[in-house]
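What follows is the content of final_33.cif, which has mmCIF, C-alpha atoms:
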```
data_work
#
loop_
_atom_site.label_atom_id
_atom_site.label_comp_id
_atom_site.auth_asym_id
_atom_site.auth_seq_id
_atom_site.Cartn_x
_atom_site.Cartn_y
_atom_site.Cartn_z
CA ALA A 1 14.57 -2.02 -22.15
CA GLN A 2 11.78 -3.43 -20.05
CA ARG A 3 8.99 -0.97 -19.74
CA VAL A 4 5.26 -0.72 -19.08
CA THR A 5 3.35 2.20 -20.49
CA GLN A 6 -0.06 3.37 -19.40
CA PRO A 7 -0.75 6.35 -21.64
CA GLU A 8 -3.70 7.76 -19.70
CA LYS A 9 -3.13 9.29 -16.28
CA LEU A 10 -6.83 9.91 -15.88
CA LEU A 11 -9.87 8.30 -17.45
CA SER A 12 -13.37 9.49 -16.71
CA VAL A 13 -16.46 7.70 -17.98
CA PHE A 14 -20.13 7.60 -17.10
CA LYS A 15 -21.68 4.74 -15.18
CA GLY A 16 -22.83 2.05 -17.58
CA ALA A 17 -20.39 3.05 -20.30
CA PRO A 18 -17.63 0.71 -21.50
CA VAL A 19 -14.16 1.14 -20.03
CA GLU A 20 -10.79 0.38 -21.56
CA LEU A 21 -7.57 1.10 -19.71
CA LYS A 22 -4.59 0.82 -21.99
CA CYS A 23 -1.33 -0.93 -21.20
CA ASN A 24 1.58 -1.54 -23.52
CA TYR A 25 4.77 -3.29 -22.61
CA SER A 26 8.29 -3.77 -23.85
CA TYR A 27 9.97 -7.03 -22.86
CA SER A 28 12.30 -9.36 -24.70
CA GLY A 29 11.20 -12.55 -23.02
CA SER A 30 7.86 -14.21 -22.39
CA PRO A 31 5.93 -11.73 -20.27
CA GLU A 32 3.81 -12.28 -17.22
CA LEU A 33 1.33 -9.43 -17.02
CA PHE A 34 -0.88 -8.24 -14.21
CA TRP A 35 -3.41 -5.59 -13.39
CA TYR A 36 -3.36 -4.28 -9.84
CA VAL A 37 -5.97 -1.95 -8.39
CA GLN A 38 -5.92 0.45 -5.46
CA TYR A 39 -9.30 1.64 -4.22
CA SER A 40 -9.50 4.76 -2.09
CA ARG A 41 -7.88 4.22 1.33
CA GLN A 42 -7.15 0.59 0.53
CA ARG A 43 -3.98 -1.24 -0.34
CA LEU A 44 -2.82 -2.44 -3.73
CA GLN A 45 -4.42 -5.71 -4.70
CA LEU A 46 -4.21 -8.02 -7.64
CA LEU A 47 -7.11 -7.71 -10.06
CA LEU A 48 -6.09 -9.91 -12.97
CA ARG A 49 -3.16 -11.88 -14.30
CA HIS A 50 -2.97 -12.89 -17.92
CA ILE A 51 -2.29 -16.57 -17.34
CA SER A 52 -5.52 -17.04 -15.40
CA ARG A 53 -7.64 -15.73 -18.27
CA GLU A 54 -10.57 -15.06 -15.96
CA SER A 55 -12.96 -12.21 -15.44
CA ILE A 56 -12.82 -10.43 -12.09
CA LYS A 57 -15.48 -7.89 -11.13
CA GLY A 58 -16.50 -7.86 -14.79
CA PHE A 59 -13.02 -6.90 -15.97
CA THR A 60 -11.08 -8.84 -18.58
CA ALA A 61 -7.67 -8.36 -20.12
CA ASP A 62 -6.21 -10.13 -23.11
CA LEU A 63 -2.53 -10.39 -23.81
CA ASN A 64 -1.79 -9.39 -27.39
CA LYS A 65 1.81 -10.28 -28.10
CA GLY A 66 1.69 -8.84 -31.60
CA GLU A 67 0.70 -5.43 -30.32
CA THR A 68 2.53 -5.91 -26.98
CA SER A 69 -0.60 -4.85 -25.17
CA PHE A 70 -2.61 -5.95 -22.15
CA HIS A 71 -5.57 -3.61 -22.09
CA LEU A 72 -8.12 -3.87 -19.30
CA LYS A 73 -11.76 -3.80 -20.32
CA LYS A 74 -15.18 -3.75 -18.77
CA PRO A 75 -18.35 -3.48 -20.82
CA PHE A 76 -20.43 -1.56 -18.24
CA ALA A 77 -18.65 0.57 -15.68
CA GLN A 78 -19.93 0.79 -12.11
CA GLU A 79 -19.30 3.58 -9.61
CA GLU A 80 -17.40 1.19 -7.36
CA ASP A 81 -14.85 0.72 -10.14
CA SER A 82 -13.40 4.15 -9.42
CA ALA A 83 -9.79 3.54 -8.37
CA MET A 84 -6.15 3.65 -9.47
CA TYR A 85 -5.26 0.88 -11.87
CA TYR A 86 -1.71 -0.28 -12.42
CA CYS A 87 -0.45 -2.54 -15.15
CA ALA A 88 2.64 -4.51 -14.17
CA LEU A 89 5.03 -6.88 -15.88
CA GLY A 90 6.81 -9.69 -14.07
CA ASP A 91 10.33 -10.25 -15.28
CA SER A 92 12.60 -13.27 -15.02
CA ASN A 93 14.03 -12.00 -11.72
CA TYR A 94 10.57 -11.96 -10.12
CA GLN A 95 10.49 -8.18 -10.08
CA LEU A 96 7.33 -6.35 -10.98
CA ILE A 97 7.85 -3.53 -13.45
CA TRP A 98 5.05 -1.02 -13.12
CA GLY A 99 3.23 1.39 -15.33
CA ALA A 100 2.54 4.87 -14.02
CA GLY A 101 -1.08 4.03 -13.28
CA THR A 102 -4.42 5.29 -14.55
CA LYS A 103 -6.94 6.95 -12.29
CA LEU A 104 -10.39 5.78 -13.29
CA ILE A 105 -13.34 7.93 -12.32
CA ILE A 106 -16.85 6.66 -12.90
CA LYS A 107 -19.35 9.47 -13.04
CA PRO A 108 -22.93 8.79 -11.88
CA GLU B 1 -5.72 -13.88 8.55
CA ALA B 2 -3.67 -10.74 9.08
CA GLY B 3 -2.33 -9.20 5.92
CA VAL B 4 1.01 -7.56 5.33
CA THR B 5 1.58 -4.83 7.87
CA GLN B 6 3.92 -1.86 7.70
CA PHE B 7 5.09 0.54 10.34
CA PRO B 8 4.94 3.47 10.56
CA SER B 9 2.16 4.57 8.28
CA HIS B 10 3.69 8.03 8.01
CA SER B 11 7.11 9.42 8.81
CA VAL B 12 8.27 13.00 8.56
CA ILE B 13 11.99 13.57 9.08
CA GLU B 14 14.58 16.16 8.27
CA LYS B 15 17.26 15.76 5.68
CA GLY B 16 20.24 13.96 7.16
CA GLN B 17 18.25 12.00 9.70
CA THR B 18 17.79 8.25 9.79
CA VAL B 19 14.53 6.41 9.33
CA THR B 20 13.74 2.73 9.65
CA LEU B 21 10.67 1.24 8.03
CA ARG B 22 9.32 -2.12 9.06
CA CYS B 23 7.35 -4.73 7.17
CA ASP B 24 5.71 -7.84 8.60
CA PRO B 25 4.76 -10.25 5.82
CA ILE B 26 1.97 -12.77 5.88
CA SER B 27 2.99 -15.75 7.96
CA GLY B 28 4.56 -18.48 5.85
CA HIS B 29 5.44 -16.18 2.96
CA ASP B 30 9.07 -16.72 2.09
CA ASN B 31 9.16 -13.97 -0.51
CA LEU B 32 9.26 -10.36 0.62
CA TYR B 33 9.54 -7.38 -1.69
CA TRP B 34 10.11 -3.68 -1.19
CA TYR B 35 8.86 -1.12 -3.70
CA ARG B 36 8.83 2.67 -3.74
CA ARG B 37 6.65 5.24 -5.43
CA VAL B 38 8.16 8.68 -5.64
CA MET B 39 5.59 11.40 -6.24
CA GLY B 40 4.60 11.68 -9.86
CA LYS B 41 6.49 8.60 -10.90
CA GLU B 42 5.75 4.92 -11.25
CA ILE B 43 6.23 2.30 -8.56
CA LYS B 44 9.78 0.98 -8.62
CA PHE B 45 11.14 -2.31 -7.36
CA LEU B 46 13.79 -2.01 -4.64
CA LEU B 47 14.63 -5.53 -3.56
CA HIS B 48 13.45 -9.09 -3.03
CA PHE B 49 14.14 -11.41 -0.10
CA VAL B 50 13.68 -15.14 -0.14
CA LYS B 51 13.54 -16.02 3.53
CA GLU B 52 16.52 -14.15 5.02
CA SER B 53 18.54 -13.96 1.80
CA LYS B 54 18.59 -11.07 -0.61
CA GLN B 55 17.55 -12.60 -3.90
CA ASP B 56 17.76 -9.38 -5.86
CA GLU B 57 18.67 -5.90 -4.66
CA SER B 58 19.23 -4.36 -8.05
CA GLY B 59 16.60 -1.70 -7.44
CA MET B 60 18.19 -0.20 -4.33
CA PRO B 61 19.01 3.39 -5.31
CA ASN B 62 22.29 3.77 -3.42
CA ASN B 63 24.19 2.71 -0.33
CA ARG B 64 22.14 4.97 1.91
CA PHE B 65 19.50 2.25 1.81
CA LEU B 66 19.95 -0.91 3.85
CA ALA B 67 17.42 -3.72 4.03
CA GLU B 68 17.50 -6.65 6.38
CA ARG B 69 15.33 -9.63 7.09
CA THR B 70 16.78 -11.36 10.11
CA GLY B 71 15.40 -14.82 10.70
CA GLY B 72 13.35 -14.65 7.55
CA THR B 73 10.38 -13.02 9.25
CA TYR B 74 9.91 -9.27 9.31
CA SER B 75 12.05 -6.91 7.29
CA THR B 76 13.43 -3.44 7.90
CA LEU B 77 14.48 -0.82 5.41
CA LYS B 78 16.78 1.83 6.79
CA VAL B 79 17.56 5.09 5.05
CA GLN B 80 20.66 6.78 6.44
CA PRO B 81 21.10 9.67 5.92
CA ALA B 82 17.79 10.59 4.31
CA GLU B 83 17.74 13.00 1.37
CA LEU B 84 14.89 15.04 -0.05
CA GLU B 85 14.53 12.74 -3.07
CA ASP B 86 13.83 9.79 -0.77
CA SER B 87 10.35 11.12 -0.10
CA GLY B 88 7.62 8.85 -1.35
CA VAL B 89 5.52 5.85 -0.42
CA TYR B 90 7.36 2.64 0.41
CA PHE B 91 5.41 -0.54 -0.17
CA CYS B 92 6.14 -3.98 1.10
CA ALA B 93 4.67 -7.12 -0.44
CA SER B 94 4.93 -10.81 0.29
CA SER B 95 4.15 -14.01 -1.55
CA PRO B 96 4.25 -17.68 -0.65
CA PRO B 97 6.91 -20.09 -1.85
CA SER B 98 5.96 -21.83 -5.06
CA LEU B 99 7.27 -23.71 -8.02
CA LEU B 100 5.23 -21.44 -10.27
CA THR B 101 6.92 -18.57 -11.99
CA TYR B 102 4.86 -16.01 -10.20
CA ASN B 103 2.69 -15.96 -7.18
CA GLU B 104 0.34 -13.15 -6.32
CA GLN B 105 2.07 -10.53 -4.26
CA PHE B 106 0.09 -9.25 -1.28
CA PHE B 107 0.77 -5.65 -0.45
CA GLY B 108 0.96 -3.74 2.76
CA PRO B 109 -0.66 -0.32 3.16
CA GLY B 110 2.62 1.48 2.56
CA THR B 111 4.68 3.93 4.58
CA ARG B 112 4.57 7.53 3.44
CA LEU B 113 7.99 9.09 4.01
CA THR B 114 8.46 12.83 3.85
CA VAL B 115 11.97 14.25 4.06
CA LEU B 116 12.07 17.99 4.75
#
```

For the file at hand, write its structure as structure tokens.
Amino acid sequence: AQRVTQPEKLLSVFKGAPVELKCNYSYSGSPELFWYVQYSRQRLQLLLRHISRESIKGFTADLNKGETSFHLKKPFAQEEDSAMYYCALGDSNYQLIWGAGTKLIIKP
Amino acid sequence: EAGVTQFPSHSVIEKGQTVTLRCDPISGHDNLYWYRRVMGKEIKFLLHFVKESKQDESGMPNNRFLAERTGGTYSTLKVQPAELEDSGVYFCASSPPSLLTYNEQFFGPGTRLTVL
């Protein structure tokens, strides 16, 4: 079955500390993976996609097919990073299959 | 450029009533998607339009839900009759036509539906 798992509902770290939001997937084909973010009172927006292999707002995510993971990382968290983060998988029918989301809180 | 808009932002109705949600995609975006997040659960795909055609409606929960996209512009999602379990946030997203496998989907602010 196609599935995206984000094991942490809530992650709280201090400003300046490293952040890693975990995402594991289950998919039989070649996955397209995304991280979406929703800041307070804003709409969902794309943060990263694995094929672009770029860093956005200091965040990176590497697709590890062996571990079926797409963890989101940032070496030094900032207060403005506080938000809901969703990992999503794009299937062959152009649907996005979503994880449950992780609420990231950056403490000052 | 105006983003994806949704109307209303909130709707509170009683069980058995009808509600119609509207989504206006970004101009020129052929692809339009509806998603739903029921409280405490993950966002779920409902359906996908390409222009006015339903490309995939496998996520529609049952026949109480009807989506239309007349003329390939805005889309409506009607719930008739509404049940308590329909409560949640309904998101609309759009993306441009492309030969690539995936284009970025641009999301609307969502409509929060509460069925009492």

- Name the residues that the PyMOL selection byres ((chain A) within 9 of (chain B)) picks from the file above, as a ChimeraX atom specification, using the file's chain letters and numbers. /A:32,41-46,49,90,92-101

- Using the chain letters and residue numbers of this document, give as a PyMOL selection string the residues selected by the PyMOL selection byres ((chain A and resi 7-13) around 10). chain A and resi 4-6+14-24+77-79+82+84-85+99-108

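Between CA of Leu89 in chain A and CA of Gly58 in chain A there is a distance of 21.6 Å.
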
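Those residues that approach Tyr74 in chain B to within 9 Å, counting all atoms listed in the file, are Arg22, Cys23, Asp24, Pro25, Leu32, Glu68 and Arg69 of chain B; same-chain residues fewer than 5 positions away are not listed.
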
- Item | d(CA of Val12 in chain B, CA of Asp86 in chain B) in Å |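 We find that CA of Val12 in chain B and CA of Asp86 in chain B lie 11.3 Å from each other.
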
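Computed from the coordinates, the CA of Gln38 in chain A to CA of Tyr86 in chain A distance equals 8.2 Å.
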